[in-house]
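**Student:** One file is attached below, structure.cif, containing mmCIF, C-alpha atoms.
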data_structure
#
loop_
_atom_site.label_atom_id
_atom_site.label_comp_id
_atom_site.auth_asym_id
_atom_site.auth_seq_id
_atom_site.Cartn_x
_atom_site.Cartn_y
_atom_site.Cartn_z
CA MET G 1 -6.13 2.34 5.40
CA LEU G 2 -3.53 4.20 3.23
CA ILE G 3 -2.29 0.93 1.71
CA ASP G 4 -1.01 2.59 -1.46
CA LEU G 5 0.91 5.16 0.55
CA LEU G 6 2.48 2.27 2.48
CA ILE G 7 3.70 0.81 -0.84
CA TYR G 8 5.25 4.17 -1.85
CA TYR G 9 6.67 4.70 1.64
CA SER G 10 8.22 1.20 1.79
CA ALA G 11 9.62 1.56 -1.73
CA GLY G 12 11.18 4.87 -0.71
CA GLU G 13 12.73 3.21 2.34
CA ILE G 14 14.15 0.39 0.20
CA LEU G 15 15.60 2.95 -2.23
CA ARG G 16 17.22 4.87 0.62
CA LEU G 17 18.77 1.70 2.08
CA GLY G 18 20.13 0.48 -1.25
CA GLY G 19 17.74 -2.42 -1.89
CA ASN G 20 15.88 -3.40 -5.04
CA VAL G 21 12.56 -1.52 -5.12
CA TYR G 22 11.18 -3.96 -7.70
CA ASP G 23 11.87 -7.09 -5.63
CA VAL G 24 8.34 -8.09 -4.55
CA GLY G 25 9.59 -10.29 -1.71
CA LEU G 26 11.70 -7.47 -0.26
CA LEU G 27 8.87 -4.97 -0.69
CA ARG G 28 6.49 -7.31 1.16
CA GLU G 29 9.01 -7.79 3.99
CA VAL G 30 9.50 -4.04 4.45
CA MET G 31 5.76 -3.38 4.27
CA ILE G 32 5.09 -5.96 6.99
CA GLY G 33 7.76 -4.27 9.10
CA ASN G 34 5.91 -1.00 8.62
CA GLY G 35 2.60 -2.44 9.80
CA TYR G 36 1.15 -4.16 6.73
CA ALA G 37 -1.25 -7.06 7.32
CA GLU G 38 0.72 -10.17 6.40
CA ALA G 39 -2.32 -11.99 5.03
CA LEU G 40 -2.87 -9.47 2.21
CA GLU G 41 -1.28 -9.80 -1.23
CA VAL G 42 1.60 -7.55 -2.26
CA ILE G 43 2.09 -6.56 -5.88
CA ALA G 44 5.21 -5.04 -7.39
CA PHE G 45 5.92 -1.33 -7.19
CA PRO G 46 3.93 -0.09 -10.19
CA ALA G 47 5.92 2.79 -11.67
CA PRO G 48 9.31 4.01 -12.88
CA PRO G 49 11.41 5.36 -10.01
CA MET G 50 11.36 9.03 -11.15
CA MET G 51 9.50 10.40 -8.11
CA LEU G 52 10.72 7.91 -5.51
CA TYR G 53 13.15 10.40 -3.98
CA LEU G 54 10.15 12.16 -2.39
CA PHE G 55 9.02 8.96 -0.68
CA SER G 56 12.60 8.20 0.29
CA PHE G 57 12.59 11.49 2.19
CA LEU G 58 9.16 10.67 3.64
CA SER G 59 10.48 7.33 4.90
CA LEU G 60 12.84 9.16 7.26
CA PHE G 61 9.81 9.67 9.49
CA PRO G 62 7.80 6.92 11.22
CA PHE G 63 4.94 5.73 9.03
CA PRO G 64 2.16 7.19 11.25
CA VAL G 65 3.80 10.63 10.99
CA ALA G 66 4.30 10.27 7.23
CA ALA G 67 0.70 9.07 6.82
CA CYS G 68 -0.63 12.07 8.73
CA ALA G 69 1.46 14.52 6.66
CA TRP G 70 0.45 12.85 3.38
CA SER G 71 -3.24 12.85 4.29
CA LEU G 72 -3.11 16.53 5.26
CA LEU G 73 -1.38 17.32 1.94
CA ASN G 74 -4.11 15.55 -0.04
CA VAL G 75 -6.89 17.21 1.94
CA ALA G 76 -5.20 20.57 1.28
CA ILE G 77 -5.11 19.76 -2.45
CA VAL G 78 -8.85 19.02 -2.43
CA GLN G 79 -9.53 22.21 -0.48
CA LYS G 80 -7.34 24.28 -2.84
CA THR G 81 -9.03 22.75 -5.86
CA ILE G 82 -12.44 23.68 -4.52
CA ALA G 83 -11.30 27.17 -3.49
CA ASN G 84 -9.89 27.87 -6.96
CA ILE G 85 -12.75 26.32 -8.86
CA SER G 86 -13.88 29.68 -10.22
CA CYS G 87 -10.49 30.00 -11.99
CA VAL G 88 -11.83 27.50 -14.52
CA SER G 89 -14.11 29.72 -16.59
CA SER G 90 -16.52 26.92 -17.51
CA LEU G 91 -17.10 26.32 -13.79
CA SER G 92 -17.53 29.92 -12.71
CA SER G 93 -21.24 29.28 -12.15
CA PHE G 94 -20.42 26.62 -9.52
CA SER G 95 -20.16 29.39 -6.92
CA THR G 96 -23.73 30.45 -7.68
CA LEU G 97 -25.10 27.16 -6.32
CA HIS G 98 -26.20 27.29 -2.72
CA LEU G 99 -24.05 25.58 -0.12
CA GLY G 100 -26.20 22.46 0.10
CA GLN G 101 -26.01 21.82 -3.65
CA ARG G 102 -22.24 22.31 -3.69
CA MET G 103 -21.80 19.94 -0.75
CA VAL G 104 -23.95 17.28 -2.45
CA LEU G 105 -21.82 17.42 -5.59
CA LEU G 106 -18.54 17.29 -3.69
CA LEU G 107 -19.55 14.57 -1.24
CA SER G 108 -21.07 12.37 -3.96
CA PHE G 109 -17.87 12.33 -6.01
CA TRP G 110 -16.67 9.12 -4.38
CA PRO G 111 -13.28 8.79 -6.24
CA VAL G 112 -11.91 11.63 -4.08
CA TRP G 113 -12.73 9.78 -0.87
CA LYS G 114 -11.35 6.53 -2.27
CA ALA G 115 -8.10 8.27 -3.24
CA LEU G 116 -7.82 9.77 0.26
CA TYR G 117 -8.58 6.41 1.86
CA PHE G 118 -5.83 4.59 -0.04
CA GLY G 119 -3.31 7.45 0.18
CA GLN G 120 -3.08 7.72 -3.59
CA THR G 121 -1.06 10.13 -5.75
CA SER G 122 -4.01 10.70 -8.13
CA LEU G 123 -5.00 13.97 -6.44
CA ILE G 124 -1.48 15.35 -6.92
CA VAL G 125 -1.57 14.43 -10.62
CA MET G 126 -4.95 16.14 -11.04
CA SER G 127 -3.74 19.28 -9.26
CA CYS G 128 -0.55 19.42 -11.39
CA VAL G 129 -2.59 19.45 -14.61
CA VAL G 130 -5.06 22.01 -13.24
CA TYR G 131 -2.31 24.35 -12.02
CA SER G 132 -0.41 23.94 -15.31
CA ASN G 133 -3.60 25.01 -17.06
CA PHE G 134 -3.73 28.08 -14.81
CA LEU G 135 -0.10 28.99 -15.61
CA LEU G 136 -0.56 28.45 -19.35
CA SER G 137 -3.55 30.76 -19.39
CA ARG G 138 -1.28 33.48 -18.02
CA GLY G 139 1.52 32.88 -20.51
CA ARG G 140 3.87 31.27 -17.98
CA ASN G 141 4.70 28.30 -20.18
CA PHE G 142 8.02 27.35 -18.58
CA ALA G 143 6.49 27.22 -15.10
CA ALA G 144 3.56 25.23 -16.53
CA GLY G 145 6.04 22.68 -17.87
CA LEU G 146 7.74 22.42 -14.48
CA VAL G 147 4.44 21.69 -12.75
CA LEU G 148 3.28 19.31 -15.48
CA SER G 149 6.25 17.06 -14.69
CA GLY G 150 4.28 15.93 -11.63
CA MET G 151 2.53 13.58 -14.07
CA TRP G 152 5.47 11.21 -13.50
CA PHE G 153 3.63 10.10 -10.36
CA LYS G 154 1.24 8.31 -12.75
CA PRO G 155 3.09 7.73 -16.06
CA GLN G 156 0.31 5.48 -17.41
CA PHE G 157 -1.78 8.64 -17.90
CA MET G 158 0.87 10.55 -19.84
CA ALA G 159 0.04 9.63 -23.46
CA PRO G 160 -1.77 12.97 -24.19
CA ILE G 161 1.00 14.87 -22.38
CA PHE G 162 3.62 13.26 -24.62
CA GLY G 163 1.53 14.25 -27.64
CA ILE G 164 1.47 17.87 -26.48
CA LEU G 165 5.20 17.86 -25.72
CA LEU G 166 5.96 16.31 -29.12
CA VAL G 167 4.40 19.35 -30.78
CA ALA G 168 5.82 21.78 -28.20
CA ALA G 169 9.38 20.62 -28.92
CA PHE G 170 9.08 21.93 -32.51
CA GLN G 171 6.82 24.90 -31.96
CA ARG G 172 8.25 28.23 -30.93
CA ARG G 173 5.07 29.27 -29.13
CA LEU G 174 5.22 26.23 -26.79
CA TRP G 175 8.98 25.60 -26.70
CA THR G 176 9.32 26.84 -23.13
CA LEU G 177 6.57 24.41 -22.01
CA PHE G 178 8.65 21.53 -23.38
CA THR G 179 11.81 22.98 -21.82
CA GLY G 180 10.21 23.35 -18.38
CA PHE G 181 8.90 19.79 -18.44
CA SER G 182 12.27 18.41 -19.60
CA VAL G 183 14.27 20.31 -16.98
CA ALA G 184 11.96 19.25 -14.14
CA SER G 185 11.92 15.61 -15.35
CA ALA G 186 15.73 15.57 -15.44
CA VAL G 187 15.86 16.95 -11.89
CA HIS G 188 13.41 14.29 -10.66
CA ALA G 189 15.44 11.54 -12.34
CA LEU G 190 18.79 12.81 -11.00
CA LEU G 191 17.53 13.22 -7.44
CA THR G 192 16.41 9.58 -7.40
CA LEU G 193 19.66 8.53 -9.11
CA SER G 194 21.69 10.33 -6.45
CA ILE G 195 20.10 8.17 -3.77
CA GLN G 196 20.65 4.86 -5.59
CA PRO G 197 22.66 4.73 -8.85
CA GLU G 198 21.40 1.22 -9.72
CA VAL G 199 17.70 2.00 -9.50
CA TYR G 200 17.07 2.55 -13.22
CA THR G 201 19.01 -0.58 -14.20
CA ARG G 202 16.91 -2.53 -11.73
CA PHE G 203 13.73 -1.01 -13.11
CA LEU G 204 14.63 -1.96 -16.70
CA SER G 205 15.50 -5.51 -15.66
CA GLN G 206 12.14 -5.98 -13.92
CA ASN G 207 9.85 -5.75 -16.95
CA HIS G 208 7.50 -8.34 -15.44
CA THR G 209 6.48 -5.85 -12.74
CA ILE G 210 4.88 -3.62 -15.38
CA ALA G 211 3.44 -6.66 -17.18
CA GLN G 212 1.86 -7.75 -13.90
CA HIS G 213 -0.21 -4.55 -13.79
CA LEU G 214 -1.11 -4.74 -17.47
CA ASP G 215 -2.37 -8.31 -17.00
CA MET G 216 -4.63 -7.35 -14.10
CA SER G 217 -8.24 -6.42 -14.78
CA SER G 218 -8.30 -2.73 -13.99
CA ALA G 219 -10.45 0.36 -14.41
CA SER G 220 -9.39 1.17 -17.96
CA LEU G 221 -11.12 1.57 -21.29
CA VAL G 222 -9.43 -1.55 -22.68
CA ASP G 223 -10.63 -3.74 -19.80
CA PHE G 224 -14.11 -2.17 -19.83
CA ILE G 225 -14.55 -3.02 -23.52
CA ALA G 226 -13.15 -6.52 -22.98
CA LEU G 227 -15.60 -7.24 -20.14
CA THR G 228 -18.72 -5.64 -21.62
CA VAL G 229 -18.35 -6.26 -25.36
CA GLY G 230 -15.88 -9.14 -25.41
CA ILE G 231 -13.41 -7.38 -27.72
CA ASP G 232 -9.75 -7.49 -26.68
CA LEU G 233 -8.17 -4.28 -27.90
CA PRO G 234 -4.36 -4.08 -28.12
CA LEU G 235 -2.92 -1.98 -25.30
CA TRP G 236 -1.08 0.24 -27.75
CA LEU G 237 -4.30 1.43 -29.41
CA PRO G 238 -5.58 3.77 -26.63
CA ILE G 239 -2.01 4.99 -26.06
CA VAL G 240 -1.66 5.92 -29.75
CA LEU G 241 -5.06 7.61 -29.67
CA GLY G 242 -4.01 9.49 -26.51
CA VAL G 243 -0.79 10.74 -28.12
CA SER G 244 -2.70 11.70 -31.28
CA GLY G 245 -5.27 13.56 -29.18
CA GLY G 246 -2.48 15.39 -27.39
CA VAL G 247 -1.00 16.45 -30.76
CA LEU G 248 -4.38 17.87 -31.83
CA ILE G 249 -4.89 19.62 -28.50
CA ALA G 250 -1.43 21.23 -28.72
CA ALA G 251 -2.55 23.22 -31.75
CA ARG G 252 -4.99 25.13 -29.52
CA LEU G 253 -2.96 25.08 -26.31
CA GLY G 254 -2.41 28.50 -24.80
CA MET G 255 -5.24 29.99 -26.86
CA GLU G 256 -8.12 28.29 -25.08
CA ARG G 257 -7.96 28.96 -21.38
CA ASP G 258 -9.28 25.70 -19.91
CA LEU G 259 -8.06 23.23 -22.52
CA LEU G 260 -5.80 21.18 -20.24
CA VAL G 261 -8.61 20.75 -17.74
CA ARG G 262 -11.45 20.21 -20.23
CA ALA G 263 -9.75 17.99 -22.80
CA VAL G 264 -6.51 16.52 -21.45
CA LEU G 265 -7.71 15.14 -18.10
CA PRO G 266 -10.48 12.93 -19.57
CA LEU G 267 -8.13 11.85 -22.38
CA CYS G 268 -5.53 10.81 -19.80
CA LEU G 269 -8.08 8.40 -18.30
CA LEU G 270 -9.41 7.09 -21.61
CA SER G 271 -5.93 6.41 -23.05
CA ALA G 272 -4.37 4.71 -20.01
CA PRO G 273 -3.41 1.02 -20.44
CA TYR G 274 -4.37 0.41 -16.81
CA GLY G 275 -5.72 2.33 -13.82
CA TRP G 276 -8.00 2.12 -10.81
CA SER G 277 -11.31 3.72 -9.90
CA HIS G 278 -9.67 6.21 -7.52
CA ASP G 279 -7.95 7.66 -10.60
CA TYR G 280 -11.33 9.03 -11.66
CA VAL G 281 -10.44 12.06 -9.51
CA LEU G 282 -8.96 13.37 -12.77
CA ILE G 283 -12.51 14.21 -13.89
CA LEU G 284 -13.54 16.04 -10.71
CA TYR G 285 -13.99 19.30 -12.62
CA HIS G 286 -16.10 17.61 -15.27
CA TYR G 287 -18.39 16.05 -12.67
CA LEU G 288 -18.87 19.44 -11.01
CA PHE G 289 -19.43 21.07 -14.41
CA LEU G 290 -22.24 18.67 -15.33
CA GLY G 291 -23.70 18.83 -11.81
CA THR G 292 -23.77 22.62 -11.93
CA LYS G 293 -25.54 22.54 -15.31
CA ALA G 294 -28.03 19.97 -14.03
CA PHE G 295 -28.95 22.01 -10.94
CA ALA G 296 -29.42 25.08 -13.13
CA ARG G 297 -31.77 23.33 -15.56
CA ARG G 298 -33.62 20.65 -13.65
CA GLY G 299 -35.43 20.27 -10.38
CA GLU G 300 -33.32 19.63 -7.32
CA ARG G 301 -35.07 16.34 -6.58
CA SER G 302 -34.35 14.85 -10.02
CA VAL G 303 -30.67 15.83 -9.79
CA LEU G 304 -30.36 14.34 -6.30
CA GLY G 305 -32.02 11.19 -7.61
CA LEU G 306 -29.50 10.86 -10.44
CA ILE G 307 -26.60 11.43 -8.02
CA MET G 308 -27.91 8.77 -5.64
CA ILE G 309 -28.31 6.31 -8.53
CA GLN G 310 -24.70 6.75 -9.73
CA VAL G 311 -23.32 6.42 -6.20
CA PHE G 312 -25.41 3.28 -5.57
CA VAL G 313 -24.54 1.64 -8.90
CA ASN G 314 -20.82 2.29 -8.49
CA ALA G 315 -20.88 1.09 -4.87
CA VAL G 316 -22.50 -2.19 -5.95
CA LEU G 317 -20.04 -2.65 -8.82
CA LEU G 318 -17.03 -1.93 -6.59
CA ALA G 319 -18.27 -4.41 -3.99
CA THR G 320 -19.42 -7.27 -6.23
CA ALA G 321 -17.74 -7.02 -9.65
CA GLU G 322 -14.55 -6.16 -11.49
CA GLU G 323 -13.41 -2.54 -11.11
CA ALA G 324 -13.42 -2.23 -14.90
CA TYR G 325 -17.23 -2.21 -14.88
CA THR G 326 -17.16 1.17 -13.14
CA PHE G 327 -15.47 2.71 -16.18
CA TRP G 328 -18.92 3.62 -17.51
CA PHE G 329 -18.70 6.53 -15.07
CA PRO G 330 -15.73 8.45 -16.58
CA ILE G 331 -16.94 7.58 -20.11
CA LEU G 332 -20.36 9.10 -19.41
CA ILE G 333 -18.94 12.15 -17.60
CA SER G 334 -16.39 12.80 -20.38
CA LEU G 335 -18.99 12.39 -23.11
CA GLY G 336 -21.48 14.61 -21.28
CA THR G 337 -18.87 17.32 -20.78
CA PHE G 338 -17.89 17.20 -24.45
CA ILE G 339 -21.51 17.50 -25.61
CA GLU G 340 -22.38 20.19 -23.09
CA GLY G 341 -19.22 22.13 -23.91
CA ARG G 342 -20.20 22.26 -27.59
CA ASN G 343 -23.71 23.49 -26.85
CA LYS G 344 -23.96 27.22 -27.21
CA PRO G 345 -26.82 28.99 -25.47
CA ASN G 346 -29.55 29.84 -27.92
CA ILE G 347 -30.31 33.52 -27.95
CA ARG G 348 -33.75 33.96 -29.33
CA THR G 349 -34.77 37.30 -30.65
CA THR G 350 -38.45 37.84 -30.59
CA THR G 351 -40.23 40.43 -32.61
CA ALA G 352 -42.68 42.29 -30.50
CA SER G 353 -46.17 41.77 -31.80
CA PRO G 354 -48.33 44.85 -32.04
CA THR G 355 -50.47 45.26 -29.00
CA LYS G 356 -54.15 45.41 -29.41
CA THR G 357 -55.75 48.50 -28.15
CA SER G 358 -59.10 48.28 -26.53
CA ARG G 359 -61.90 50.05 -28.25
#
Once more with this new file: its structure as structure tokens, please.
**Tutor:**
Amino acid sequence: MLIDLLIYYSAGEILRLGGNVYDVGLLREVMIGNGYAEALEVIAFPAPPMMLYLFSFLSLFPFPVAACAWSLLNVAIVQKTIANISCVSSLSSFSTLHLGQRMVLLLSFWPVWKALYFGQTSLIVMSCVVYSNFLLSRGRNFAAGLVLSGMWFKPQFMAPIFGILLVAAFQRRLWTLFTGFSVASAVHALLTLSIQPEVYTRFLSQNHTIAQHLDMSSASLVDFIALTVGIDLPLWLPIVLGVSGGVLIAARLGMERDLLVRAVLPLCLLSAPYGWSHDYVLILYHYLFLGTKAFARRGERSVLGLIMIQVFVNAVLLATAEEAYTFWFPILISLGTFIEGRNKPNIRTTTASPTKTSR
């Protein structure tokens, strides 16, 4: 279907031709011209224009060609993520599972297939954080900052990143991380500005486009609590908690190898003011981590049963209810990873009892 890619592609085309990206009527017209079904609803372009220059370049090609290239890129990201999974030390045991178990875990993580189906940028965001983690663990902080700027594809998930950068700006040990992120962000912004100088003014004057997404029931912690408990939390609360969490994480950043993957990715989901279920790809590593632990400790049939239950429950919720109801999934995975990560293996020392000798 690749409907989300079509939105990005059409917005990039509008940017390149000098139009207003945040004009919903114009966006709808261009999308229909690119093959969009006229009967379906069109919502405003959902993000600041930082990364639109990439889609402006993509729009130089016919949409079928762009769609093929984008799909191949996302498949390559998934393949690279799986190939490098042993680089995350907490997941090194994943490779010890037999092929069937690994395939079950990967195929049952439905957010990946949903992200591929819609042509989403979520996989790119996940890979940017994971690769930044890899670079940080090797002391390449500036390069890690450059890669981390890919988070601008999904700025609603950036609260913990801003918390980390806030500390990094005043900490000598992480200064180059902040510098790398700032330099890359400036380059992204200038490249888009060079295509259309008015784009940021138009973005700032279209505040209702962001409000439209915030008003929609989405797969976020705020909407999940509102639907299940009936408590309407202010949107700023999870954002503040996300920034605060990022500040706390920054104190250990660079000293704990997998911290960006283990702590920041779930926090990005939990602190977002809005999101969609395909964004759960951010917790791919955590799902594989828990699945690996489960296969190691429990019978294969019980693990397969649990996997089938979660797939079935989420499929029913996605088909018949609000997407926000599926947010139990990242909450449970994040909580399980946190608890499991704190558990240290018990090493029991047993004193050998004297053996009885036969008389």
**Student:** Please, what distance in Å, to one decimal, runs between CA of Asn133 (chain G) and CA of Met50 (chain G)?
**Tutor:** 22.7 Å
**Student:** Using only C-alpha atoms, which residues of region 104-188 of chain G come within 12 Å of region 41-46 of chain G, and what is the closest atom pair for each, with the distance in Å to one decimal? Give it as JSON lines, sorted by chain and residue number.
**Tutor:**
{"residue": "G:Trp152", "atom": "CA", "partner": "G:Pro46", "partner_atom": "CA", "distance": 11.9}
{"residue": "G:Phe153", "atom": "CA", "partner": "G:Pro46", "partner_atom": "CA", "distance": 10.2}
{"residue": "G:Lys154", "atom": "CA", "partner": "G:Pro46", "partner_atom": "CA", "distance": 9.2}
{"residue": "G:Pro155", "atom": "CA", "partner": "G:Pro46", "partner_atom": "CA", "distance": 9.8}
{"residue": "G:Gln156", "atom": "CA", "partner": "G:Pro46", "partner_atom": "CA", "distance": 9.8}
**Student:** With the PyMOL selection byres ((chain G and resi 109) around 12) as the selection, what would be picked from this file? Answer as JSON, numbers by chain, please.
**Tutor:** {"G": [78, 102, 103, 104, 105, 106, 107, 108, 110, 111, 112, 113, 114, 115, 277, 278, 279, 280, 281, 282, 283, 284, 285, 286, 287, 288, 291, 307, 308, 310, 311, 312, 314, 315, 329, 330, 333]}
**Student:** Output the residue selection produced by the PyMOL selection byres ((chain G and resi 25-38) around 7) on the file above, formatted as a PyMOL selection string.
**Tutor:** chain G and resi 6-7+10-11+21+23-24+39-40+42+63
**Student:** Which residues come within 9 Å of Leu166 (chain G), counting only C-alpha atoms, excluding same-chain residues fewer than 5 positions away, as a PDB file with C-alpha atoms, in the coordinates of the input?
**Tutor:**
ATOM      1  CA  ILE G 161       1.000  14.870 -22.380  1.00  0.00           C
ATOM      2  CA  PHE G 178       8.650  21.530 -23.380  1.00  0.00           C
ATOM      3  CA  VAL G 243      -0.790  10.740 -28.120  1.00  0.00           C
ATOM      4  CA  GLY G 246      -2.480  15.390 -27.390  1.00  0.00           C
ATOM      5  CA  VAL G 247      -1.000  16.450 -30.760  1.00  0.00           C
ATOM      6  CA  ALA G 250      -1.430  21.230 -28.720  1.00  0.00           C
TER       7      ALA G 250
END
**Student:** List the spatial neighbours of region 197-204 of chain G as a VMD selection string - criterion: any atom at most 7 Å away, only C-alpha atoms, same-chain residues fewer than 2 positions off excluded.
**Tutor:** chain G and resid 20 22 48 193 to 195 206 to 207
**Student:** Between G:Phe289, G:Tyr53, G:Trp175, G:Trp70, which is the closest to Gln120 (chain G) once you count all atoms listed in the file?
**Tutor:** G:Trp70
**Student:** Measuring between all atoms listed in the file, which one of G:Phe134, G:Tyr117, G:Tyr274, G:Phe170 shows the shortest distance to Ala47 (chain G)?
**Tutor:**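 Under the stated criterion, the closest residue is G:Tyr274.
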**Student:** Record the distance separating CA of Leu221 (chain G) and CA of Leu116 (chain G), expressed in Å with one decimal.
**Tutor:**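 Result for CA of Leu221 (chain G) versus CA of Leu116 (chain G): 23.3 Å, one decimal.
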**Student:** So the first atom is CA of Leu2 (chain G) and the second is CA of Trp328 (chain G); what is the distance between them in Å, to one decimal place?
**Tutor:** 25.8 Å
**Student:** Nearest to Val187 (chain G) among G:Ala143, G:Leu241, G:Met51, G:Leu269, with distances taken over only C-alpha atoms: which residue is it?
**Tutor:**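 Using only C-alpha atoms, Val187 (chain G) sits closest to G:Met51.
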**Student:** So, with all atoms listed in the file as the atoms that count, which of G:Lys80, G:Arg16, G:Arg173, G:Arg297 lies closest to Thr192 (chain G)?
**Tutor:** G:Arg16
**Student:** Between G:Leu335, G:Leu191, G:Leu60, G:Met1, which is the closest to Ile14 (chain G) once you count all atoms listed in the file?
**Tutor:**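 Using all atoms listed in the file, the shortest distance to Ile14 (chain G) belongs to G:Leu60.
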**Student:** Saving region 231-251 of chain G with N, CA and C atoms, as a tab-separated table (two decimals), in the first residue's frame, what would that file be?
**Tutor:**
chain	number	residue	atom	x	y	z
G	231	ILE	N	-8.50	8.70	32.47
G	231	ILE	CA	-7.77	9.87	32.96
G	231	ILE	C	-7.10	10.58	31.78
G	232	ASP	N	-7.41	11.86	31.61
G	232	ASP	CA	-6.81	12.64	30.53
G	232	ASP	C	-5.56	13.34	31.03
G	233	LEU	N	-4.42	12.78	30.71
G	233	LEU	CA	-3.15	13.39	31.11
G	233	LEU	C	-2.80	14.54	30.17
G	234	PRO	N	-2.19	15.60	30.68
G	234	PRO	CA	-1.71	16.66	29.78
G	234	PRO	C	-0.60	16.14	28.88
G	235	LEU	N	-0.57	16.60	27.65
G	235	LEU	CA	0.40	16.10	26.68
G	235	LEU	C	1.84	16.43	27.09
G	236	TRP	N	2.00	17.49	27.87
G	236	TRP	CA	3.35	17.88	28.25
G	236	TRP	C	3.96	16.93	29.28
G	237	LEU	N	3.11	16.19	30.00
G	237	LEU	CA	3.63	15.35	31.09
G	237	LEU	C	4.57	14.25	30.59
G	238	PRO	N	4.16	13.40	29.61
G	238	PRO	CA	5.11	12.39	29.13
G	238	PRO	C	6.34	12.99	28.47
G	239	ILE	N	6.18	14.16	27.84
G	239	ILE	CA	7.34	14.82	27.21
G	239	ILE	C	8.35	15.23	28.27
G	240	VAL	N	7.86	15.83	29.37
G	240	VAL	CA	8.74	16.23	30.47
G	240	VAL	C	9.42	15.01	31.08
G	241	LEU	N	8.65	13.94	31.26
G	241	LEU	CA	9.23	12.71	31.81
G	241	LEU	C	10.28	12.13	30.85
G	242	GLY	N	10.02	12.24	29.54
G	242	GLY	CA	10.98	11.75	28.55
G	242	GLY	C	12.28	12.53	28.59
G	243	VAL	N	12.17	13.87	28.67
G	243	VAL	CA	13.36	14.71	28.76
G	243	VAL	C	14.12	14.41	30.05
G	244	SER	N	13.37	14.27	31.16
G	244	SER	CA	14.00	13.97	32.45
G	244	SER	C	14.71	12.62	32.40
G	245	GLY	N	14.07	11.64	31.77
G	245	GLY	CA	14.70	10.33	31.62
G	245	GLY	C	15.96	10.41	30.79
G	246	GLY	N	15.93	11.23	29.73
G	246	GLY	CA	17.12	11.41	28.91
G	246	GLY	C	18.26	12.04	29.69
G	247	VAL	N	17.95	12.98	30.58
G	247	VAL	CA	18.96	13.62	31.42
G	247	VAL	C	19.62	12.58	32.33
G	248	LEU	N	18.80	11.71	32.93
G	248	LEU	CA	19.34	10.66	33.81
G	248	LEU	C	20.18	9.65	33.03
G	249	ILE	N	19.71	9.30	31.83
G	249	ILE	CA	20.45	8.34	31.01
G	249	ILE	C	21.80	8.90	30.59
G	250	ALA	N	21.85	10.21	30.34
G	250	ALA	CA	23.10	10.84	29.87
G	250	ALA	C	24.24	10.67	30.86
G	251	ALA	N	23.90	10.55	32.13
G	251	ALA	CA	24.95	10.39	33.15
G	251	ALA	C	25.71	9.09	32.95
